[in-house]
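Source file protein_31.tsv; content: TSV, C-alpha atoms.
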```
chain	number	residue	atom	x	y	z
A	45	MET	CA	6.81	-2.62	0.93
A	46	PRO	CA	3.08	-3.52	0.96
A	47	PHE	CA	0.98	-1.84	-1.72
A	48	LYS	CA	-1.17	1.12	-0.76
A	49	LYS	CA	-3.00	3.26	-3.28
A	50	ALA	CA	-2.18	6.84	-2.30
A	51	GLN	CA	-5.07	9.18	-1.55
A	52	SER	CA	-3.09	12.43	-1.65
A	53	TRP	CA	-0.07	13.90	-3.41
A	54	LYS	CA	1.78	13.93	-0.12
A	55	GLU	CA	1.31	10.14	0.13
A	56	ARG	CA	2.51	9.72	-3.46
A	57	GLY	CA	5.56	11.80	-2.58
A	58	LEU	CA	6.34	9.47	0.32
A	59	GLN	CA	6.07	6.46	-2.01
A	60	LEU	CA	8.44	8.18	-4.43
A	61	GLN	CA	10.90	8.76	-1.59
A	62	VAL	CA	10.99	5.00	-0.96
A	63	ILE	CA	12.18	4.47	-4.54
A	64	LYS	CA	14.86	7.16	-4.14
A	65	ASP	CA	15.99	5.59	-0.86
A	66	GLU	CA	16.22	2.19	-2.58
A	67	CYS	CA	18.34	3.72	-5.38
A	68	ASN	CA	20.68	5.25	-2.80
A	69	GLU	CA	21.00	1.95	-0.94
A	70	ILE	CA	21.82	0.09	-4.16
A	71	LEU	CA	24.45	2.68	-5.10
A	72	ASN	CA	26.01	2.44	-1.63
A	73	ARG	CA	26.23	-1.34	-1.92
A	74	LEU	CA	27.64	-1.24	-5.45
A	75	HIS	CA	30.28	1.34	-4.48
A	76	LEU	CA	31.12	2.07	-8.12
A	77	PRO	CA	32.29	5.24	-9.90
A	78	ARG	CA	29.48	7.38	-11.31
A	79	ASP	CA	30.59	6.77	-14.91
A	80	ASP	CA	30.17	2.98	-14.64
A	81	ALA	CA	27.06	1.82	-16.52
A	82	ARG	CA	25.91	-0.22	-13.51
A	83	ALA	CA	25.81	2.91	-11.36
A	84	GLN	CA	24.51	5.10	-14.18
A	85	GLY	CA	21.32	3.07	-14.58
A	86	ILE	CA	20.40	3.51	-10.91
A	87	ILE	CA	21.52	7.16	-10.84
A	88	HIS	CA	19.25	7.92	-13.79
A	89	VAL	CA	16.26	6.36	-12.01
A	90	ARG	CA	16.94	8.57	-8.98
A	91	GLN	CA	17.28	11.64	-11.21
A	92	LEU	CA	13.93	10.88	-12.86
A	93	CYS	CA	12.32	10.61	-9.43
A	94	ASN	CA	13.77	14.02	-8.55
A	95	THR	CA	12.58	15.66	-11.77
A	96	LEU	CA	9.77	14.17	-13.88
A	97	ALA	CA	7.90	12.69	-10.92
A	98	ALA	CA	8.77	15.10	-8.11
A	99	VAL	CA	7.84	18.28	-9.99
A	100	THR	CA	4.45	16.79	-10.91
A	101	PHE	CA	3.85	15.65	-7.34
A	102	LYS	CA	4.95	18.88	-5.65
A	103	LEU	CA	2.84	21.10	-7.89
A	104	GLN	CA	-0.28	19.12	-7.12
A	105	GLN	CA	0.55	18.68	-3.45
A	106	ASN	CA	0.77	22.46	-3.10
A	107	ALA	CA	-2.48	22.87	-5.04
A	108	GLU	CA	-4.23	20.73	-2.42
A	109	ILE	CA	-3.89	23.78	-0.13
A	110	ARG	CA	-6.48	26.27	-1.40
A	111	GLY	CA	-4.47	29.25	-0.26
A	112	ASN	CA	-1.71	28.28	-2.70
A	113	ILE	CA	-3.91	28.21	-5.80
A	114	PRO	CA	-3.68	31.92	-6.74
A	115	SER	CA	0.12	31.80	-6.76
A	116	ILE	CA	0.14	28.53	-8.72
A	117	LEU	CA	-2.22	30.05	-11.30
A	118	ALA	CA	0.09	33.06	-11.58
A	119	LEU	CA	3.19	30.85	-11.82
A	120	LEU	CA	1.68	28.81	-14.66
A	121	GLY	CA	-0.02	31.76	-16.36
A	122	LEU	CA	-3.49	30.25	-16.08
A	123	PRO	CA	-6.76	32.21	-15.81
A	124	ASP	CA	-8.79	30.01	-13.45
A	125	GLU	CA	-9.04	26.78	-11.47
A	126	ASN	CA	-10.73	24.88	-14.29
A	127	SER	CA	-7.70	25.56	-16.50
A	128	LEU	CA	-5.51	24.29	-13.67
A	129	ARG	CA	-7.54	21.06	-13.39
A	130	ILE	CA	-7.16	20.47	-17.14
A	131	LEU	CA	-3.43	21.14	-16.96
A	132	PHE	CA	-2.99	18.72	-14.05
A	133	SER	CA	-4.95	16.02	-15.88
A	134	ASP	CA	-2.71	16.37	-18.93
A	135	LEU	CA	0.40	16.61	-16.75
A	136	ASN	CA	-0.45	13.38	-14.97
A	137	SER	CA	-0.98	11.41	-18.17
A	138	ASN	CA	2.13	12.75	-19.85
A	139	SER	CA	4.46	12.61	-16.86
A	140	LYS	CA	3.43	9.06	-15.94
A	141	ALA	CA	4.18	7.84	-19.46
A	142	ALA	CA	7.42	9.83	-19.66
A	143	PHE	CA	8.60	8.77	-16.19
A	144	LEU	CA	7.96	5.09	-16.83
A	145	THR	CA	9.49	5.23	-20.31
A	146	MET	CA	12.69	6.91	-19.12
A	147	VAL	CA	13.06	4.70	-16.05
A	148	GLN	CA	12.76	1.62	-18.26
A	149	PHE	CA	15.17	3.07	-20.80
A	150	ALA	CA	17.78	3.66	-18.08
A	151	LEU	CA	17.47	0.17	-16.63
A	152	GLU	CA	17.18	-1.65	-19.96
A	153	ASN	CA	20.27	0.16	-21.26
A	154	CYS	CA	22.12	-0.75	-18.06
A	155	ILE	CA	21.31	-4.44	-18.56
A	156	ALA	CA	22.35	-4.34	-22.23
A	157	GLN	CA	25.72	-2.83	-21.29
A	158	VAL	CA	26.22	-5.46	-18.57
A	159	ILE	CA	25.49	-8.27	-21.04
A	160	ASN	CA	28.03	-6.74	-23.43
A	161	ALA	CA	30.60	-6.54	-20.63
A	162	ILE	CA	30.11	-10.19	-19.65
A	163	GLY	CA	30.95	-10.95	-23.26
A	164	THR	CA	29.62	-14.49	-23.69
A	165	GLU	CA	26.43	-13.43	-25.49
A	166	GLN	CA	25.04	-10.32	-27.16
A	167	PRO	CA	21.92	-8.40	-26.08
A	168	SER	CA	18.99	-8.95	-28.43
A	169	GLY	CA	17.54	-5.45	-28.11
A	170	LYS	CA	14.27	-7.00	-26.90
A	171	PHE	CA	13.84	-6.43	-23.20
A	172	SER	CA	11.98	-9.61	-22.32
A	173	GLN	CA	14.71	-11.72	-23.95
A	174	ASP	CA	17.54	-9.68	-22.43
A	175	ALA	CA	15.93	-9.89	-18.98
A	176	ASN	CA	15.77	-13.68	-19.28
A	177	LEU	CA	19.38	-13.76	-20.49
A	178	ILE	CA	20.84	-11.67	-17.66
A	179	ILE	CA	18.88	-13.66	-15.07
A	180	LYS	CA	20.33	-16.87	-16.55
A	181	LEU	CA	23.87	-15.48	-16.76
A	182	CYS	CA	23.70	-14.41	-13.09
A	183	SER	CA	22.15	-17.73	-11.99
A	184	LEU	CA	19.45	-15.96	-9.98
A	185	PRO	CA	17.09	-18.16	-7.96
A	186	GLU	CA	13.42	-18.29	-9.00
A	187	PRO	CA	14.22	-17.07	-12.53
A	188	GLU	CA	10.61	-17.04	-13.77
A	189	ARG	CA	9.51	-14.91	-10.81
A	190	LYS	CA	12.42	-12.50	-11.27
A	191	HIS	CA	11.55	-12.17	-14.95
A	192	GLU	CA	7.94	-11.33	-14.07
A	193	LEU	CA	9.04	-8.58	-11.70
A	194	LEU	CA	11.27	-7.04	-14.36
A	195	LEU	CA	8.55	-7.30	-16.98
A	196	VAL	CA	5.67	-5.54	-15.19
A	197	PRO	CA	7.04	-1.96	-15.56
A	198	ALA	CA	7.75	-2.67	-19.24
A	199	LEU	CA	4.19	-3.94	-19.77
A	200	LEU	CA	2.82	-0.84	-18.04
A	201	ARG	CA	4.97	1.38	-20.26
A	202	ASN	CA	3.91	-0.40	-23.45
A	203	THR	CA	0.25	-0.14	-22.45
A	204	LEU	CA	0.45	3.57	-21.65
A	205	HIS	CA	1.98	4.06	-25.10
A	206	ALA	CA	-1.13	2.34	-26.51
A	207	ASN	CA	-3.46	4.83	-24.78
A	208	GLY	CA	-3.98	2.49	-21.84
A	209	ILE	CA	-5.23	-0.46	-23.93
A	210	TYR	CA	-3.20	-3.65	-23.55
A	211	LYS	CA	-2.59	-5.14	-27.02
A	212	TRP	CA	-0.64	-8.32	-26.30
A	213	PRO	CA	-1.41	-11.82	-24.94
A	214	SER	CA	-3.17	-11.60	-21.57
A	215	LYS	CA	-1.03	-11.82	-18.46
A	216	ALA	CA	-1.48	-11.40	-14.71
A	217	VAL	CA	1.28	-10.90	-12.14
A	218	ILE	CA	0.89	-10.64	-8.38
A	219	ILE	CA	3.41	-8.40	-6.61
A	220	GLU	CA	3.03	-9.10	-2.93
A	221	THR	CA	-0.78	-9.14	-2.65
A	222	THR	CA	-1.48	-6.76	-5.53
A	223	GLN	CA	-2.62	-8.03	-8.92
A	224	PHE	CA	-1.35	-6.47	-12.13
A	225	VAL	CA	-3.85	-7.72	-14.70
A	226	PHE	CA	-3.21	-7.23	-18.41
A	227	GLU	CA	-6.14	-8.41	-20.58
A	228	LYS	CA	-5.74	-8.30	-24.34
A	229	ASP	CA	-7.57	-5.36	-25.97
A	230	LYS	CA	-8.83	-4.04	-22.62
A	231	ARG	CA	-7.97	-0.93	-20.62
A	232	ILE	CA	-5.75	-1.70	-17.66
A	233	LYS	CA	-6.72	-0.71	-14.12
A	234	CYS	CA	-3.26	-0.94	-12.57
A	235	ALA	CA	-1.54	2.17	-13.95
A	236	SER	CA	-1.98	4.63	-11.07
A	237	TRP	CA	1.13	6.38	-9.80
A	238	SER	CA	1.04	4.08	-6.78
A	239	HIS	CA	0.90	0.96	-8.97
A	240	ILE	CA	3.76	2.23	-11.12
A	241	MET	CA	5.96	3.01	-8.13
A	242	HIS	CA	5.14	-0.35	-6.52
A	243	ALA	CA	6.17	-2.16	-9.71
A	244	ILE	CA	9.39	-0.15	-10.10
A	245	LEU	CA	10.37	-0.67	-6.47
A	246	HIS	CA	10.06	-4.45	-6.77
A	247	SER	CA	11.88	-4.51	-10.09
A	248	LEU	CA	14.74	-2.59	-8.47
A	249	SER	CA	15.18	-5.44	-6.00
A	250	VAL	CA	15.86	-7.75	-8.96
A	251	TYR	CA	18.24	-5.27	-10.60
A	252	GLU	CA	20.12	-5.13	-7.30
A	253	GLU	CA	20.43	-8.94	-7.29
A	254	ILE	CA	21.76	-8.81	-10.83
A	255	LEU	CA	24.26	-6.04	-10.16
A	256	MET	CA	25.44	-7.59	-6.89
A	257	SER	CA	25.79	-11.10	-8.34
A	258	GLN	CA	29.32	-12.48	-8.51
A	259	LYS	CA	29.19	-12.59	-12.32
A	260	VAL	CA	28.40	-8.86	-12.63
A	261	HIS	CA	29.95	-7.34	-9.51
A	262	SER	CA	33.35	-8.84	-10.36
A	263	ILE	CA	33.57	-6.91	-13.66
A	264	GLN	CA	36.15	-4.16	-13.23
A	265	GLN	CA	34.44	-1.55	-15.41
A	266	VAL	CA	31.23	-1.44	-17.48
A	267	PRO	CA	31.52	1.56	-19.81
A	268	ALA	CA	28.43	3.78	-19.97
A	269	ARG	CA	27.25	4.37	-23.55
```

Please go through the file and, once you have read it, give me the structure as structure tokens.
Amino acid sequence: MPFKKAQSWKERGLQLQVIKDECNEILNRLHLPRDDARAQGIIHVRQLCNTLAAVTFKLQQNAEIRGNIPSILALLGLPDENSLRILFSDLNSNSKAAFLTMVQFALENCIAQVINAIGTEQPSGKFSQDANLIIKLCSLPEPERKHELLLVPALLRNTLHANGIYKWPSKAVIIETTQFVFEKDKRIKCASWSHIMHAILHSLSVYEEILMSQKVHSIQQVPAR
């Protein structure tokens, strides 16, 4: 999906729906029981779309219609529109960080459990290393590119945890035609909701390759922990 920076909460909601649709397609292809760790990782991403992201988006989408503002103020117990603007600003910052953190946790845990199930090596507990390992174990083509796509959401998460300042060696990744630039000790400019969803969507394509690879798909059961 080409990148487009959303201009409204309705547009962001449509971008979120693309991620949910991709999760559903992956689950349909995997055709695994819900308690399998491979399915659980993708299910958790879909759940986070339906909760942490969707509630944030829907509240603000409804607030874009002026006639809805009095009822939203009453619902949230706020005295005026300025208080609502402050709340939405805080909500955006916190929900973006929480959404990205929990999505990464779900997918990173999934990969760790898959590595354990393969049984030839142990996960290191460091995502960049484990991502390289699972890509190697599954013999994915273009391994360096696949690793980059998995790493971008993790870099975004780490940077948001550092108040938006990137603290590590500089790196730039292009996803389709969109640059994700991470300059050491500088504030990133690629952490909008649209950027985050674009990065997650493209990382999901790599997770699908991993989970559908012969090495992983042939495992009878990967226990969820």

**Report entry** Residue contacts of Ala156 of chain A (6 Å, all atoms listed in the file) excluding same-chain residues fewer than 3 positions away, as a count of residues only
**Finding:** 3

**Report entry** Surrounding residues of Ala141 of chain A excluding itself and chain neighbours under 5 positions, 12 Å, only C-alpha atoms, as a list in words
**Finding:**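 My list of contacting residues is Leu96, Ala97, Asp134, Leu135, Asn136, Met146, Val147, Gln148, Pro197, Ala198, Leu199, Leu200, Arg201, Asn202, Thr203, Leu204, His205, Ala206, Asn207, Gly208, Ala235, Ser236, Trp237 and Ile240 of chain A.
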
Mind writing the picked residues with C-alpha atoms as a PDB file, in the coordinates of the input?
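Output (selection-v5.pdb):
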```pdb
ATOM      1  CA  LEU A  96       9.770  14.170 -13.880  1.00  0.00           C
ATOM      2  CA  ALA A  97       7.900  12.690 -10.920  1.00  0.00           C
ATOM      3  CA  ASP A 134      -2.710  16.370 -18.930  1.00  0.00           C
ATOM      4  CA  LEU A 135       0.400  16.610 -16.750  1.00  0.00           C
ATOM      5  CA  ASN A 136      -0.450  13.380 -14.970  1.00  0.00           C
ATOM      6  CA  MET A 146      12.690   6.910 -19.120  1.00  0.00           C
ATOM      7  CA  VAL A 147      13.060   4.700 -16.050  1.00  0.00           C
ATOM      8  CA  GLN A 148      12.760   1.620 -18.260  1.00  0.00           C
ATOM      9  CA  PRO A 197       7.040  -1.960 -15.560  1.00  0.00           C
ATOM     10  CA  ALA A 198       7.750  -2.670 -19.240  1.00  0.00           C
ATOM     11  CA  LEU A 199       4.190  -3.940 -19.770  1.00  0.00           C
ATOM     12  CA  LEU A 200       2.820  -0.840 -18.040  1.00  0.00           C
ATOM     13  CA  ARG A 201       4.970   1.380 -20.260  1.00  0.00           C
ATOM     14  CA  ASN A 202       3.910  -0.400 -23.450  1.00  0.00           C
ATOM     15  CA  THR A 203       0.250  -0.140 -22.450  1.00  0.00           C
ATOM     16  CA  LEU A 204       0.450   3.570 -21.650  1.00  0.00           C
ATOM     17  CA  HIS A 205       1.980   4.060 -25.100  1.00  0.00           C
ATOM     18  CA  ALA A 206      -1.130   2.340 -26.510  1.00  0.00           C
ATOM     19  CA  ASN A 207      -3.460   4.830 -24.780  1.00  0.00           C
ATOM     20  CA  GLY A 208      -3.980   2.490 -21.840  1.00  0.00           C
ATOM     21  CA  ALA A 235      -1.540   2.170 -13.950  1.00  0.00           C
ATOM     22  CA  SER A 236      -1.980   4.630 -11.070  1.00  0.00           C
ATOM     23  CA  TRP A 237       1.130   6.380  -9.800  1.00  0.00           C
ATOM     24  CA  ILE A 240       3.760   2.230 -11.120  1.00  0.00           C
TER      25      ILE A 240
END
```

**Report entry** Option closest in space to Ser262 of chain A, from A:Ser52, A:Leu74, A:Glu108, A:Glu192 [counting all atoms listed in the file]
**Finding:**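 Using all atoms listed in the file, Ser262 of chain A sits closest to A:Leu74.
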
Could the centre and edge lengths of an axis-aligned box, enclosing all atoms of segment 69-74 of chain A in the file with 5 Å extra on each side, be given in Å to one decimal as JSON?
```
{"center_x": 24.3, "center_y": 0.7, "center_z": -3.2, "size_x": 16.6, "size_y": 14.0, "size_z": 14.5}
```

Query raised in the report: Using all atoms listed in the file, which of the listed residues (A:Leu248, A:Ala118, A:Ile179, A:Ile209) sits closest to Leu71 of chain A?
Result: A:Leu248

Query raised in the report: Near Gln265 of chain A, counting all atoms listed in the file, which residues have an atom at most 10 Å away, once you skip same-chain residues fewer than 4 positions from it, shown as number ranges by chain?
Result: A: 76-77, 79-82, 158, 161, 260-261

Requested in this report: Calculate how many Å separate atom CA of Arg110 of chain A from atom CA of Gln59 of chain A, rounding to one decimal.
Outcome: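 Going from atom CA of Arg110 of chain A over to atom CA of Gln59 of chain A, I get 23.5 Å.
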
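Our summary of the geometry notes that atom CA of Thr164 of chain A is positioned 20.3 Å from atom CA of Leu151 of chain A.
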
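Taking atom CA of Ala83 of chain A as the reference point, atom CA of Met45 of chain A is found at 23.3 Å.
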
Skip Glu66 of chain A itself and residues of its chain fewer than 6 positions away, then list as a CSV table (one decimal) with C-alpha atoms, in the frame of the given file all residues within 12 Å of it, counting only C-alpha atoms.
```csv
chain,number,residue,atom,x,y,z
A,45,MET,CA,6.8,-2.6,0.9
A,59,GLN,CA,6.1,6.5,-2.0
A,60,LEU,CA,8.4,8.2,-4.4
A,72,ASN,CA,26.0,2.4,-1.6
A,73,ARG,CA,26.2,-1.3,-1.9
A,86,ILE,CA,20.4,3.5,-10.9
A,87,ILE,CA,21.5,7.2,-10.8
A,89,VAL,CA,16.3,6.4,-12.0
A,90,ARG,CA,16.9,8.6,-9.0
A,93,CYS,CA,12.3,10.6,-9.4
A,241,MET,CA,6.0,3.0,-8.1
A,244,ILE,CA,9.4,-0.2,-10.1
A,245,LEU,CA,10.4,-0.7,-6.5
A,246,HIS,CA,10.1,-4.4,-6.8
A,247,SER,CA,11.9,-4.5,-10.1
A,248,LEU,CA,14.7,-2.6,-8.5
A,249,SER,CA,15.2,-5.4,-6.0
A,250,VAL,CA,15.9,-7.8,-9.0
A,251,TYR,CA,18.2,-5.3,-10.6
A,252,GLU,CA,20.1,-5.1,-7.3
```

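If you measure from each of A:Ser172, A:Thr222, A:Ser183, A:Gln258 to Lys49 of chain A using only C-alpha atoms, the closest one turns out to be A:Thr222.
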
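Minimum distance to Ala175 of chain A across A:Leu58, A:Leu117, A:Glu188, A:Leu194 (counting all atoms listed in the file) occurs at A:Leu194.
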
Query raised in the report: Looking at A:Asn126, A:Val99, A:Arg269, A:Lys140, which one is nearest to Asn160 of chain A, with distances taken over only C-alpha atoms?
Result: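 The closest residue to Asn160 of chain A is A:Arg269.
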
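The nearest approach to Thr95 of chain A among the residues A:Ile109, A:Leu122, A:Ala142, A:His75, with all atoms listed in the file taken into account, belongs to A:Ala142.
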